[in-house]
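Presented below is the structure to which this report refers.
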Amino acid sequence: MKTINKKEKEFDTVKTFREIKDNISKDIQGMTFEQLQAYLDRTKLKPKTT
């Protein structure tokens with residue numbers, strides 16, 4: 001039987017995405033629509049200006 005040695009990734013995209021998604025879910029749980037809009041305005045990415 002062939003043994004495969006898995007190399008540990010320095011950055012795991014799926015794991016990171018899930019952590020971010022879980023954090024956002026915890027932050028917005030139980031918010032009203034108005035509170036959610038304010039949260040999104042506060043946390044959205046600002047466009048870079050050159």
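How things are named: the first chain in the structure tokens is A, the next is B, and so on; residues count from 1 in each chain; ligands count from 1 in the order shown.
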> Using the chain letters and numbers from this document, which residues of chain A does DSSP assign to alpha helix (DSSP H), as a list in words?
Replying inline: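 Everything in chain A that counts as alpha helix (DSSP H) is Thr13, Val14, Lys15, Thr16, Phe17, Arg18, Glu19, Ile20, Lys21, Asp22, Asn23, Ile24, Ser25, Lys26, Asp27, Ile28, Phe33, Glu34, Gln35, Leu36, Gln37, Ala38, Tyr39, Leu40, Asp41, Arg42 and Thr43 of chain A.
Residue neighbourhood of Ile28 (chain A), excluding near-sequence residues (fewer than 6 positions): Gln35, Leu36 and Tyr39 of chain A, at 9 Å, using only C-alpha atoms.
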> Which value, in Å to one decimal, gives the distance between CA of Gln29 (chain A) and CA of Asp12 (chain A)?
Replying inline: 26.0 Å
